[in-house]
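**Student:** Pasting target-v5.json here (JSON, C-alpha atoms):
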[["chain", "number", "residue", "atom", "x", "y", "z"],
["H", 226, "MET", "CA", 132.52, 53.47, 180.38],
["H", 227, "VAL", "CA", 134.45, 55.47, 177.85],
["H", 228, "GLU", "CA", 137.41, 57.26, 179.14],
["H", 229, "GLN", "CA", 137.12, 61.02, 178.95],
["H", 230, "ARG", "CA", 140.29, 62.69, 177.82],
["H", 231, "ARG", "CA", 141.02, 66.30, 177.69],
["H", 232, "GLY", "CA", 140.86, 67.73, 174.18],
["H", 233, "VAL", "CA", 139.37, 64.66, 172.72],
["H", 234, "ILE", "CA", 135.75, 64.54, 171.56],
["H", 235, "ALA", "CA", 134.04, 61.50, 172.63],
["H", 236, "PRO", "CA", 132.75, 59.42, 169.79],
["H", 237, "GLN", "CA", 128.97, 59.75, 169.16],
["H", 238, "PRO", "CA", 126.77, 56.77, 168.99],
["H", 239, "ARG", "CA", 125.99, 55.78, 165.35],
["H", 240, "ARG", "CA", 122.46, 55.93, 163.99],
["H", 241, "PRO", "CA", 121.14, 52.69, 162.85],
["H", 242, "GLU", "CA", 121.39, 52.29, 159.03],
["H", 243, "ARG", "CA", 118.16, 52.72, 157.00],
["H", 244, "ARG", "CA", 117.17, 49.87, 154.87],
["H", 245, "ARG", "CA", 117.23, 50.65, 151.13],
["H", 246, "PRO", "CA", 113.86, 50.13, 149.39],
["H", 247, "PRO", "CA", 113.61, 47.40, 146.86],
["H", 248, "HIS", "CA", 114.60, 48.18, 143.26],
["H", 249, "ALA", "CA", 110.99, 47.92, 141.98],
["H", 250, "VAL", "CA", 109.82, 50.57, 144.44],
["H", 251, "VAL", "CA", 112.60, 52.94, 143.35],
["H", 252, "MET", "CA", 111.67, 52.56, 139.70],
["H", 253, "ARG", "CA", 107.99, 53.15, 140.47],
["H", 254, "ARG", "CA", 108.78, 56.35, 142.36],
["H", 255, "ARG", "CA", 110.95, 57.63, 139.56],
["H", 256, "LEU", "CA", 108.23, 56.95, 136.99],
["H", 257, "VAL", "CA", 105.65, 58.86, 139.05],
["H", 258, "ALA", "CA", 108.02, 61.85, 139.41],
["H", 259, "LEU", "CA", 108.67, 61.85, 135.68],
["H", 260, "CYS", "CA", 104.94, 61.90, 134.91],
["H", 261, "VAL", "CA", 104.38, 64.79, 137.31],
["H", 262, "LEU", "CA", 107.21, 66.75, 135.65],
["H", 263, "LEU", "CA", 105.84, 66.12, 132.16],
["H", 264, "ALA", "CA", 102.36, 67.22, 133.23],
["H", 265, "ALA", "CA", 103.78, 70.42, 134.69],
["H", 266, "LEU", "CA", 105.72, 71.19, 131.50],
["H", 267, "ILE", "CA", 102.67, 70.57, 129.30],
["H", 268, "GLY", "CA", 100.55, 72.86, 131.48],
["H", 269, "LEU", "CA", 103.17, 75.59, 131.30],
["H", 270, "GLY", "CA", 103.24, 75.30, 127.49],
["H", 271, "PHE", "CA", 99.50, 75.78, 127.23],
["H", 272, "ALA", "CA", 99.68, 78.82, 129.51],
["H", 273, "VAL", "CA", 102.40, 80.48, 127.43],
["H", 274, "ALA", "CA", 100.52, 79.78, 124.19],
["H", 275, "GLY", "CA", 97.37, 81.31, 125.65],
["H", 276, "VAL", "CA", 99.18, 84.49, 126.65],
["H", 277, "ARG", "CA", 100.74, 84.80, 123.19],
["H", 278, "ASP", "CA", 97.39, 84.22, 121.51],
["H", 279, "ARG", "CA", 95.71, 86.89, 123.61],
["H", 280, "GLY", "CA", 98.56, 89.31, 122.92],
["H", 281, "SER", "CA", 98.38, 88.73, 119.17],
["H", 282, "LYS", "CA", 94.64, 89.31, 119.18],
["H", 283, "LYS", "CA", 95.11, 92.60, 120.97],
["H", 284, "GLN", "CA", 97.83, 93.73, 118.57],
["H", 285, "THR", "CA", 95.98, 92.83, 115.34],
["H", 286, "PRO", "CA", 93.64, 95.72, 114.43],
["H", 287, "THR", "CA", 90.23, 95.03, 113.00],
["H", 288, "VAL", "CA", 90.24, 95.99, 109.32],
["H", 289, "VAL", "CA", 87.11, 97.89, 108.29],
["H", 290, "ALA", "CA", 86.61, 98.50, 104.58],
["H", 291, "ALA", "CA", 86.47, 102.21, 103.78],
["H", 292, "PRO", "CA", 83.22, 103.30, 102.14],
["H", 293, "LYS", "CA", 83.47, 103.52, 98.36],
["H", 294, "PRO", "CA", 83.68, 107.19, 97.32],
["H", 295, "PHE", "CA", 81.28, 108.83, 94.88],
["H", 296, "ARG", "CA", 82.36, 110.69, 91.76],
["H", 297, "ILE", "CA", 81.24, 114.08, 90.56],
["H", 298, "VAL", "CA", 82.03, 115.21, 87.00],
["H", 299, "PHE", "CA", 82.29, 118.88, 86.04],
["H", 300, "PRO", "CA", 82.50, 119.24, 82.23],
["H", 301, "GLU", "CA", 84.55, 121.99, 80.61],
["H", 302, "GLY", "CA", 82.52, 125.16, 80.20],
["H", 303, "PHE", "CA", 80.35, 124.70, 83.28],
["H", 304, "THR", "CA", 79.64, 127.91, 85.16],
["H", 305, "ARG", "CA", 79.63, 128.22, 88.93],
["H", 306, "LEU", "CA", 75.83, 127.92, 88.88],
["H", 307, "ASP", "CA", 76.02, 124.83, 86.66],
["H", 308, "MET", "CA", 78.44, 123.23, 89.12],
["H", 309, "ALA", "CA", 76.17, 124.00, 92.07],
["H", 310, "ALA", "CA", 73.29, 122.32, 90.26],
["H", 311, "ARG", "CA", 75.47, 119.28, 89.51],
["H", 312, "VAL", "CA", 76.53, 119.08, 93.17],
["H", 313, "LYS", "CA", 72.87, 119.13, 94.22],
["H", 314, "SER", "CA", 71.85, 116.33, 91.86],
["H", 315, "VAL", "CA", 74.85, 114.12, 92.66],
["H", 316, "ALA", "CA", 74.35, 114.60, 96.41],
["H", 317, "GLU", "CA", 70.73, 113.49, 96.05],
["H", 318, "ILE", "CA", 71.82, 110.38, 94.16],
["H", 319, "ALA", "CA", 74.40, 109.62, 96.84],
["H", 320, "ALA", "CA", 71.76, 109.95, 99.56],
["H", 321, "ARG", "CA", 69.42, 107.53, 97.76],
["H", 322, "GLU", "CA", 72.11, 104.94, 97.14],
["H", 323, "ARG", "CA", 73.69, 105.01, 100.62],
["H", 324, "GLY", "CA", 70.72, 106.09, 102.71],
["H", 325, "ARG", "CA", 72.79, 108.84, 104.23],
["H", 326, "SER", "CA", 72.85, 112.50, 103.21],
["H", 327, "PRO", "CA", 76.38, 113.72, 102.34],
["H", 328, "ARG", "CA", 77.71, 117.05, 103.53],
["H", 329, "LEU", "CA", 77.89, 118.27, 99.93],
["H", 330, "ALA", "CA", 74.89, 120.32, 98.85],
["H", 331, "GLY", "CA", 74.10, 122.83, 96.14],
["H", 332, "GLY", "CA", 73.51, 125.64, 98.61],
["H", 333, "SER", "CA", 76.73, 125.05, 100.53],
["H", 334, "TYR", "CA", 78.66, 124.89, 97.23],
["H", 335, "LEU", "CA", 77.26, 128.27, 96.18],
["H", 336, "ALA", "CA", 78.25, 129.67, 99.58],
["H", 337, "ALA", "CA", 81.76, 128.20, 99.31],
["H", 338, "THR", "CA", 82.26, 129.79, 95.87],
["H", 339, "ALA", "CA", 80.70, 133.17, 96.63],
["H", 340, "GLY", "CA", 82.71, 136.36, 96.96],
["H", 341, "LYS", "CA", 86.30, 136.97, 96.01],
["H", 342, "ARG", "CA", 89.39, 135.03, 96.98],
["H", 343, "LEU", "CA", 93.10, 135.69, 96.71],
["H", 344, "ILE", "CA", 94.39, 133.60, 93.82],
["H", 345, "PRO", "CA", 98.21, 133.49, 93.45],
["H", 346, "GLY", "CA", 99.20, 135.35, 90.29],
["H", 347, "PHE", "CA", 95.74, 136.89, 89.83],
["H", 348, "GLY", "CA", 95.01, 138.91, 92.97],
["H", 349, "ARG", "CA", 91.58, 138.90, 94.63],
["H", 350, "ARG", "CA", 89.07, 137.56, 92.13],
["H", 351, "PRO", "CA", 85.63, 135.94, 91.96],
["H", 352, "LEU", "CA", 86.01, 132.17, 91.60],
["H", 353, "GLU", "CA", 84.30, 131.94, 88.20],
["H", 354, "GLY", "CA", 86.98, 130.65, 85.84],
["H", 355, "PHE", "CA", 89.14, 129.12, 88.60],
["H", 356, "LEU", "CA", 86.85, 126.17, 89.46],
["H", 357, "PHE", "CA", 88.71, 123.67, 87.33],
["H", 358, "PRO", "CA", 86.44, 121.22, 85.47],
["H", 359, "ALA", "CA", 87.41, 117.61, 86.11],
["H", 360, "THR", "CA", 86.24, 114.45, 87.88],
["H", 361, "TYR", "CA", 86.42, 114.58, 91.67],
["H", 362, "GLN", "CA", 85.75, 111.99, 94.36],
["H", 363, "PHE", "CA", 83.87, 112.63, 97.55],
["H", 364, "THR", "CA", 82.51, 110.75, 100.56],
["H", 365, "ALA", "CA", 79.67, 111.47, 102.94],
["H", 366, "ARG", "CA", 82.08, 113.57, 105.01],
["H", 367, "THR", "CA", 83.43, 115.73, 102.17],
["H", 368, "SER", "CA", 82.39, 119.35, 102.55],
["H", 369, "SER", "CA", 81.76, 121.87, 99.78],
["H", 370, "ALA", "CA", 84.76, 123.86, 100.98],
["H", 371, "GLN", "CA", 86.98, 120.79, 100.54],
["H", 372, "LEU", "CA", 85.64, 120.21, 97.02],
["H", 373, "VAL", "CA", 86.29, 123.84, 96.06],
["H", 374, "SER", "CA", 89.79, 123.58, 97.52],
["H", 375, "ALA", "CA", 90.44, 120.53, 95.32],
["H", 376, "GLN", "CA", 89.21, 122.42, 92.25],
["H", 377, "LEU", "CA", 91.46, 125.40, 92.96],
["H", 378, "LYS", "CA", 94.42, 123.07, 93.50],
["H", 379, "ALA", "CA", 93.71, 121.39, 90.15],
["H", 380, "PHE", "CA", 93.51, 124.81, 88.49],
["H", 381, "ARG", "CA", 96.89, 125.89, 89.90],
["H", 382, "LYS", "CA", 98.48, 122.64, 88.72],
["H", 383, "SER", "CA", 97.13, 123.05, 85.17],
["H", 384, "TRP", "CA", 97.84, 126.77, 84.99],
["H", 385, "SER", "CA", 101.48, 126.17, 85.96],
["H", 386, "THR", "CA", 101.98, 124.46, 82.58],
["H", 387, "ILE", "CA", 100.90, 127.52, 80.57],
["H", 388, "ASN", "CA", 103.47, 129.76, 78.88],
["H", 389, "LEU", "CA", 102.14, 133.34, 78.90],
["H", 390, "ALA", "CA", 105.00, 134.92, 76.97],
["H", 391, "TYR", "CA", 102.98, 135.50, 73.79],
["H", 392, "ALA", "CA", 99.95, 136.87, 75.66],
["H", 393, "ARG", "CA", 102.18, 139.27, 77.59],
["H", 394, "SER", "CA", 103.65, 140.48, 74.29],
["H", 395, "LYS", "CA", 100.10, 141.54, 73.40],
["H", 396, "ASN", "CA", 99.67, 143.34, 76.73],
["H", 397, "LEU", "CA", 97.26, 140.73, 78.07],
["H", 398, "THR", "CA", 97.26, 139.79, 81.75],
["H", 399, "PRO", "CA", 96.83, 136.25, 83.10],
["H", 400, "TYR", "CA", 93.23, 137.13, 83.99],
["H", 401, "ASP", "CA", 92.67, 138.34, 80.41],
["H", 402, "VAL", "CA", 93.90, 134.99, 79.11],
["H", 403, "LEU", "CA", 91.59, 133.11, 81.48],
["H", 404, "THR", "CA", 88.65, 135.26, 80.37],
["H", 405, "ILE", "CA", 89.44, 134.62, 76.70],
["H", 406, "ALA", "CA", 89.74, 130.91, 77.46],
["H", 407, "SER", "CA", 86.24, 130.90, 78.96],
["H", 408, "MET", "CA", 84.83, 132.44, 75.77],
["H", 409, "VAL", "CA", 86.69, 129.92, 73.63],
["H", 410, "GLU", "CA", 85.27, 127.12, 75.79],
["H", 411, "LYS", "CA", 81.69, 128.31, 75.31],
["H", 412, "GLU", "CA", 82.01, 128.94, 71.56],
["H", 413, "ALA", "CA", 84.13, 126.01, 70.35],
["H", 414, "VAL", "CA", 82.52, 122.66, 69.58],
["H", 415, "ALA", "CA", 85.19, 121.15, 67.35],
["H", 416, "PRO", "CA", 88.40, 120.95, 69.45],
["H", 417, "GLU", "CA", 90.65, 121.95, 66.53],
["H", 418, "GLU", "CA", 88.87, 125.31, 66.23],
["H", 419, "ARG", "CA", 89.80, 126.56, 69.69],
["H", 420, "PRO", "CA", 93.03, 128.32, 68.57],
["H", 421, "LYS", "CA", 91.19, 129.96, 65.62],
["H", 422, "ILE", "CA", 88.42, 131.34, 67.85],
["H", 423, "ALA", "CA", 91.08, 132.66, 70.20],
["H", 424, "ARG", "CA", 92.77, 134.38, 67.26],
["H", 425, "VAL", "CA", 89.51, 136.10, 66.30],
["H", 426, "ILE", "CA", 89.24, 137.48, 69.85],
["H", 427, "TYR", "CA", 92.87, 138.67, 69.77],
["H", 428, "ASN", "CA", 92.36, 140.35, 66.40],
["H", 429, "ARG", "CA", 89.15, 142.12, 67.43],
["H", 430, "LEU", "CA", 90.76, 143.35, 70.65],
["H", 431, "HIS", "CA", 93.67, 144.65, 68.59],
["H", 432, "HIS", "CA", 91.32, 146.54, 66.26],
["H", 433, "ARG", "CA", 89.23, 147.76, 69.23],
["H", 434, "MET", "CA", 86.16, 146.05, 67.88],
["H", 435, "ALA", "CA", 83.32, 144.71, 70.00],
["H", 436, "LEU", "CA", 83.77, 140.95, 70.36],
["H", 437, "GLY", "CA", 80.15, 140.20, 69.48],
["H", 438, "ILE", "CA", 80.07, 136.87, 71.32],
["H", 439, "ASP", "CA", 76.53, 135.92, 72.25],
["H", 440, "ALA", "CA", 77.72, 133.49, 74.93],
["H", 441, "THR", "CA", 78.75, 136.49, 77.03],
["H", 442, "VAL", "CA", 75.25, 137.96, 76.79],
["H", 443, "ARG", "CA", 73.75, 134.65, 77.84],
["H", 444, "TYR", "CA", 76.02, 134.64, 80.87],
["H", 445, "GLY", "CA", 75.11, 138.18, 81.82],
["H", 446, "PHE", "CA", 71.37, 137.44, 81.70],
["H", 447, "HIS", "CA", 71.51, 133.76, 82.76],
["H", 448, "VAL", "CA", 69.92, 132.68, 79.48],
["H", 449, "PRO", "CA", 70.44, 128.96, 78.72],
["H", 450, "GLY", "CA", 71.49, 127.80, 75.28],
["H", 451, "THR", "CA", 68.04, 126.34, 74.70],
["H", 452, "GLU", "CA", 66.46, 129.83, 74.70],
["H", 453, "SER", "CA", 66.83, 132.64, 72.19],
["H", 454, "LEU", "CA", 68.26, 135.99, 73.20],
["H", 455, "ARG", "CA", 65.85, 138.90, 73.12],
["H", 456, "GLN", "CA", 66.66, 142.05, 71.21],
["H", 457, "SER", "CA", 66.38, 144.06, 74.41],
["H", 458, "GLN", "CA", 69.17, 141.96, 75.90],
["H", 459, "LEU", "CA", 71.36, 142.43, 72.84],
["H", 460, "ASN", "CA", 70.81, 146.21, 73.06],
["H", 461, "SER", "CA", 71.35, 146.42, 76.81],
["H", 462, "ASP", "CA", 74.24, 148.02, 78.68],
["H", 463, "ASN", "CA", 74.89, 144.82, 80.60],
["H", 464, "PRO", "CA", 78.66, 144.62, 81.27],
["H", 465, "TYR", "CA", 78.68, 141.18, 79.64],
["H", 466, "ASN", "CA", 77.06, 142.42, 76.41],
["H", 467, "THR", "CA", 79.96, 142.17, 73.97],
["H", 468, "ARG", "CA", 77.62, 143.11, 71.14],
["H", 469, "LYS", "CA", 77.83, 146.72, 72.34],
["H", 470, "ARG", "CA", 80.72, 146.97, 74.80],
["H", 471, "VAL", "CA", 84.31, 146.91, 73.56],
["H", 472, "GLY", "CA", 86.85, 144.78, 75.36],
["H", 473, "LEU", "CA", 86.71, 141.74, 77.59],
["H", 474, "THR", "CA", 83.98, 140.93, 80.08],
["H", 475, "PRO", "CA", 84.48, 141.78, 83.78],
["H", 476, "THR", "CA", 85.05, 138.10, 84.63],
["H", 477, "PRO", "CA", 85.33, 134.79, 82.82],
["H", 478, "ILE", "CA", 81.95, 133.49, 81.66],
["H", 479, "ALA", "CA", 82.68, 129.84, 82.46],
["H", 480, "ASN", "CA", 85.33, 127.53, 83.85],
["H", 481, "PRO", "CA", 87.54, 126.48, 80.94],
["H", 482, "GLY", "CA", 89.53, 123.30, 80.57],
["H", 483, "LEU", "CA", 93.24, 123.08, 79.86],
["H", 484, "ALA", "CA", 92.85, 122.88, 76.04],
["H", 485, "SER", "CA", 90.94, 126.16, 75.90],
["H", 486, "ILE", "CA", 93.44, 127.84, 78.24],
["H", 487, "GLN", "CA", 96.29, 126.73, 76.00],
["H", 488, "ALA", "CA", 94.46, 128.05, 72.93],
["H", 489, "ALA", "CA", 93.86, 131.39, 74.64],
["H", 490, "ALA", "CA", 97.56, 131.67, 75.46],
["H", 491, "HIS", "CA", 98.74, 130.49, 72.02],
["H", 492, "PRO", "CA", 96.22, 131.32, 69.27],
["H", 493, "VAL", "CA", 97.00, 130.15, 65.75],
["H", 494, "THR", "CA", 98.20, 132.74, 63.25],
["H", 495, "GLY", "CA", 95.46, 134.25, 61.06],
["H", 496, "ASP", "CA", 93.68, 137.47, 60.11],
["H", 497, "TRP", "CA", 90.09, 136.36, 60.86],
["H", 498, "LEU", "CA", 87.72, 138.84, 62.44],
["H", 499, "PHE", "CA", 84.43, 136.97, 62.10],
["H", 500, "PHE", "CA", 83.14, 133.46, 62.61],
["H", 501, "VAL", "CA", 79.68, 131.93, 62.41],
["H", 502, "ARG", "CA", 78.37, 128.43, 63.06],
["H", 503, "LYS", "CA", 78.04, 126.18, 59.99],
["H", 504, "PRO", "CA", 74.84, 124.22, 59.31],
["H", 505, "ASP", "CA", 76.36, 121.11, 60.94],
["H", 506, "LYS", "CA", 76.28, 123.11, 64.23],
["H", 507, "VAL", "CA", 79.77, 121.84, 65.02],
["H", 508, "HIS", "CA", 82.21, 123.75, 62.84],
["H", 509, "HIS", "CA", 82.52, 127.47, 62.08],
["H", 510, "PHE", "CA", 83.07, 129.58, 58.99],
["H", 511, "PHE", "CA", 85.98, 131.98, 59.58],
["H", 512, "THR", "CA", 86.70, 135.11, 57.54],
["H", 513, "ALA", "CA", 88.44, 138.47, 57.70],
["H", 514, "SER", "CA", 85.75, 140.06, 55.50],
["H", 515, "GLU", "CA", 82.56, 141.43, 57.00],
["H", 516, "ARG", "CA", 80.89, 141.18, 53.60],
["H", 517, "ASP", "CA", 81.73, 137.45, 53.36],
["H", 518, "PHE", "CA", 80.50, 137.01, 56.91],
["H", 519, "ILE", "CA", 77.13, 138.62, 56.15],
["H", 520, "ASN", "CA", 76.76, 136.77, 52.87],
["H", 521, "TYR", "CA", 77.44, 133.43, 54.54],
["H", 522, "LYS", "CA", 74.88, 134.14, 57.26],
["H", 523, "ASN", "CA", 72.26, 135.13, 54.69],
["H", 524, "ALA", "CA", 72.98, 132.11, 52.53],
["H", 525, "HIS", "CA", 72.34, 129.76, 55.45],
["H", 526, "GLY", "CA", 69.40, 131.55, 56.98],
["H", 527, "PHE", "CA", 71.14, 132.89, 60.05]]
Translate the structure described by the file into structure tokens.
**Tutor:**
Amino acid sequence: MVEQRRGVIAPQPRRPERRRPPHAVVMRRRLVALCVLLAALIGLGFAVAGVRDRGSKKQTPTVVAAPKPFRIVFPEGFTRLDMAARVKSVAEIAARERGRSPRLAGGSYLAATAGKRLIPGFGRRPLEGFLFPATYQFTARTSSAQLVSAQLKAFRKSWSTINLAYARSKNLTPYDVLTIASMVEKEAVAPEERPKIARVIYNRLHHRMALGIDATVRYGFHVPGTESLRQSQLNSDNPYNTRKRVGLTPTPIANPGLASIQAAAHPVTGDWLFFVRKPDKVHHFFTASERDFINYKNAHGF
């Protein structure tokens, strides 16, 4: 027996020592553990890659090509009615080519350009003259109101480049200049004659003479250039008949381009009061003499 002493812990019996496994077994166990660890790491790598791949797919938007827009061309000198007809024909072409009817239509364009609108620097005016002629793009979703808005924006941008100092010195308003520009646009064929035609208009206004521009009569009666004017129309009291009425027409007779607006604001110096188309139907004969004007017309069968 072991002697029990106060304050002394009796020694505990020792556990029998475990036998250490052979070296080959230890190495085998370690190899198995290493393989399990590698397999776990490889599996974790695949899982992380899958999550990243799914995340990148969610974050990358699908790119859809925008539909190619159509173009609509408004030449200088087109009237509001001409533009409505062009809108109608281009919209029909767009519908045939894409198989889908666009929002643009001749009727909606006429509605969008009807009535008066407040134009900065001009007051409330009909839109004839302000629908700037240019090339515009549109899609199936473009409305007539949006197209008209683009035209008015283009007009304001072009008009901002015009110096009206000379016109003001002749007591002409901005609207007068725009109206003169529309007449120049309808009468001029050769670009270099625009400032001379504008000068004839200035001179006749100064002398309080009727302008005598047939293009204004055509506008007032909606007579196309392919038809002859009737004598009853030339003798009428239509407000656009500048054969009889003195002064400018109530509104512009077309939508002029920038070159005609510049000519109307800055006519070339000259004393001409008359002009008549030459036989080439491009250029004009200009003169300050009524006798020379009549003789020229008679000589060429006008």
**Student:** Might you pull out every residue within 6 Å of stretch 463-479 of chain H, with all atoms listed in the file counted and same-chain residues fewer than 6 positions away left off, and present them as a list in words?
**Tutor:** Gly302, Phe303, Thr304, Gly354, Thr404, Ser407, Ala435, Leu436, Gly437, Ile438, Thr441, Val442 and Gly445 of chain H
**Student:** Within 12 Å of H:Ile405, counting only C-alpha atoms, which residues show up once you throw out same-chain ones fewer than 5 positions away? Write them as a VMD selection string, please.
**Tutor:** chain H and resid 354 392 397 to 400 410 to 413 419 to 420 422 to 427 429 to 430 436 438 440 to 441 472 to 482 485 to 492
**Student:** Show me, as a list in words, the residues that have an atom within 7 Å of H:Val312 when counting only C-alpha atoms, minus same-chain residues fewer than 5 positions from it.
**Tutor:**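 With the cut-off at 7 Å, the set is Leu329, Ala330 and Gly331 of chain H.
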**Student:** Between H:Leu483, H:Val373, H:Glu353, H:Leu459, which is the closest to H:Ser385 once you count all atoms listed in the file?
**Tutor:** H:Leu483
**Student:** Considering only C-alpha atoms, state which residue in the set H:Leu356, H:Leu454, H:Ala310, H:Val315 is at the smallest distance from H:Arg381.
**Tutor:**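 When distances to H:Arg381 are compared using only C-alpha atoms, the smallest one comes from H:Leu356.
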**Student:** Let me make sure I understand: among H:Ser461, H:Thr338, H:Thr386, H:Ser314, which one has the smallest atom-to-atom distance to H:Ala484 if we use all atoms listed in the file?
**Tutor:** H:Thr386
**Student:** Can you measure atom CA of H:Phe510 to atom CA of H:Lys421 for me? One decimal in Å is fine.
**Tutor:**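 If I compute the distance from atom CA of H:Phe510 to atom CA of H:Lys421, I get 10.5 Å.
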**Student:** Rounded to one decimal, what separation in Å do you get between atom CA of H:Ala370 and atom CA of H:Ala337?
**Tutor:**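 Separation of atom CA of H:Ala370 and atom CA of H:Ala337: 5.5 Å.
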